[in-house]
Amino acid sequence: MLPDILCKSKATMLRLLSPFHSVLLALPPERAHDATLKALRYLPVQKNAPDDARLHVHLLGLNFSNPVGMAAGFDKNALVADKLLALGFGFVEVGGVTPRAQSGNPRPRVFRLNEDGALINRLGFNNEGLQVVRARLEGMRKLSGVIGINLGANKDSMDRVQDYLTLLAGLDGLADFVTLNISSPNTPGLRGLQDKEHFSALLQRVSDKRANIKSRNGGVLPVLVKIAPDVALDELDDICALAVQHRIDGMIVSNTTLLRLSSLRAHDAKETGGLSGKPLFDLSTRRLAQTRQRVGEKMVLIGVGGIDSGEAAWAKICAGANLVQLYTALVYKGLPLLDEIKATLCRQLEAHGFSGIEQAVGSQTGKFAQE
């Protein structure tokens, strides 16, 4: 039973949640995740104090109070997007959502690599499906803040491209942006949509469909694509060229990796699934910078993978990210990490003489792009 307490500020909520963090780490990963969602749902919190104006970003026709977002996978079913925004995230990406509800892969399917600051998951797009998520998002139409929706395909779908089109139509007017997740390693064959021929066909059909789909503010719906860090450079060439050709609004770099670094120490490091967290930082940041080199300055890039500190977030921005996202590091460091990142970004802006985040984006792309 959760305590019957109304939180009057973000600080109050953090004080209430802090003692439970060590308890959560003692629970199996999925049980801990479910407990966290319940705590966020039932401990109301007033909106966070305004962010430093230097962190404000205007992209995709949207106003972000700061560039730090919650990555997809945390709030798969749009249960706590309002609470996450109130806690100070600049945006929240819910999902991945599939047209039909699915339970995902058999358990156990999430593994903590404590010694490595990492996770391995093979969840398999477990979610309650379009109808349930749409109903929840209907109640958030007037919510202040940026909400993205991560779109996936059902495991047993005969036409996965059609799944994305079904989701676009079903979520009309409910998202500030959507992400085509074609890079989850836990749905067999899904990453095949990154191949040149399949990717081109997907983008063409999505481009045709979104002409009749509106965003939450009534404008044209921004569409992003989330790619894997494991793509080879010639594959990245094709992906970037096609994204530019089809006027995709942005790319999220990157999803989890199937690679296993020799430096991993944890016992469960050999489990199958996607690796996220600190060990992913170098690879994902390199692919981010290489993507920036290929798409130019105008396309929006979101950097995700291994951000566990303010310095890591700053590095992503310097490598070419307009925005960044967190998830795995929050498992180990908790919600205070968000404020630490924003404070570090402000210090770095001041140290470099920048008046805003936009000036720092891509300032060290060449350095981070080196293989």
# chains A, B, ... in the order shown; residues from 1 in each chain; ligands from 1
$ select_by_dssp --residues "stretch 109-256 of chain A" --states "helix (DSSP H, G or I)" --output "PyMOL selection string"
chain A and resi 114-116+130-138+160-170+190-194+196-210+233-245
$ closest_atom_pairs --of "stretch 102-207 of chain A" --to "stretch 18-42 of chain A" --cutoff "8 Å" --atoms "only C-alpha atoms" --output "CSV"
residue,atom,partner,partner_atom,distance
A:Val110,CA,A:Pro29,CA,6.2
A:Phe111,CA,A:Pro29,CA,6.8
A:Arg112,CA,A:Pro29,CA,7.0
$ atom_distance --atom1 "atom CA of A:Ser276" --atom2 "atom CA of A:Leu119"
5.3 Å
$ closest_atom_pairs --of "stretch 202-274 of chain A" --to "stretch 156-171 of chain A" --cutoff "10 Å" --atoms "only C-alpha atoms" --output "tab-separated table"
residue	atom	partner	partner_atom	distance
A:Leu202	CA	A:Val161	CA	5.9
A:Leu203	CA	A:Val161	CA	9.2
A:Arg205	CA	A:Leu165	CA	7.8
A:Val206	CA	A:Leu165	CA	6.5
A:Ser207	CA	A:Leu165	CA	9.8
A:Asp208	CA	A:Leu165	CA	9.7
A:Lys209	CA	A:Leu165	CA	6.8
A:Arg210	CA	A:Leu168	CA	7.2
A:Asn212	CA	A:Ala169	CA	8.5
A:Ile213	CA	A:Ala169	CA	6.7
A:Lys214	CA	A:Leu171	CA	8.9
A:Ser215	CA	A:Leu171	CA	8.9
A:Arg216	CA	A:Leu171	CA	9.4
A:Leu221	CA	A:Leu168	CA	9.4
A:Val223	CA	A:Leu168	CA	9.8
$ select_by_dssp --residues "stretch 89-304 of chain A" --states "strand (DSSP E)" --output "VMD selection string"
chain A and resid 91 to 97 110 to 113 118 to 121 146 to 151 177 to 181 223 to 227 250 to 253 274 to 277 300 to 304
$ residues_around --residues "A:Lys367" --least-positions-apart "5" --cutoff "12 Å" --atoms "only C-alpha atoms" --output "ChimeraX atom specification"
/A:282,285-290,293,315-316,318-320,362
$ closest_residue --among "A:Ser65, A:Ser200, A:Asn48, A:Gln102" --to "A:Cys240" --atoms "only C-alpha atoms"
A:Ser200
$ residues_around --residues "A:Leu174" --least-positions-apart "4" --cutoff "12 Å" --atoms "only C-alpha atoms" --output "ChimeraX atom specification"
/A:78,94,130,133-143,146-149,167-170,178,213-219,221
$ residues_around --residues "A:Pro67" --least-positions-apart "2" --cutoff "7 Å" --atoms "only C-alpha atoms" --output "NGL selection string"
:A and (55 or 57 or 64 or 69 or 90 or 323-324)
$ write_last_selection --atoms "N, CA and C atoms" --output "mmCIF file, in the first residue's frame"
data_model
loop_
_atom_site.group_PDB
_atom_site.id
_atom_site.type_symbol
_atom_site.label_atom_id
_atom_site.label_comp_id
_atom_site.auth_asym_id
_atom_site.auth_seq_id
_atom_site.Cartn_x
_atom_site.Cartn_y
_atom_site.Cartn_z
ATOM 1 N N LEU A 55 18.564 26.566 -21.279
ATOM 2 C CA LEU A 55 18.294 25.184 -21.661
ATOM 3 C C LEU A 55 17.096 25.055 -22.580
ATOM 4 N N VAL A 57 14.845 24.954 -25.770
ATOM 5 C CA VAL A 57 15.149 24.586 -27.154
ATOM 6 C C VAL A 57 13.860 24.616 -27.966
ATOM 7 N N PHE A 64 10.785 22.995 -26.061
ATOM 8 C CA PHE A 64 11.289 22.093 -25.027
ATOM 9 C C PHE A 64 11.855 22.943 -23.897
ATOM 10 N N GLY A 69 15.248 14.242 -22.120
ATOM 11 C CA GLY A 69 13.984 13.517 -22.166
ATOM 12 C C GLY A 69 14.067 12.130 -21.559
ATOM 13 N N GLY A 90 12.398 17.393 -20.057
ATOM 14 C CA GLY A 90 12.039 18.321 -21.120
ATOM 15 C C GLY A 90 11.046 17.738 -22.100
ATOM 16 N N LEU A 323 18.933 17.033 -28.734
ATOM 17 C CA LEU A 323 18.269 16.607 -27.514
ATOM 18 C C LEU A 323 18.911 15.299 -27.061
ATOM 19 N N VAL A 324 18.700 14.946 -25.802
ATOM 20 C CA VAL A 324 19.223 13.669 -25.294
ATOM 21 C C VAL A 324 18.120 12.951 -24.516
#
$ closest_residue --among "A:Ile182, A:Phe74, A:Val132, A:Gly124" --to "A:Lys155" --atoms "only C-alpha atoms"
A:Gly124
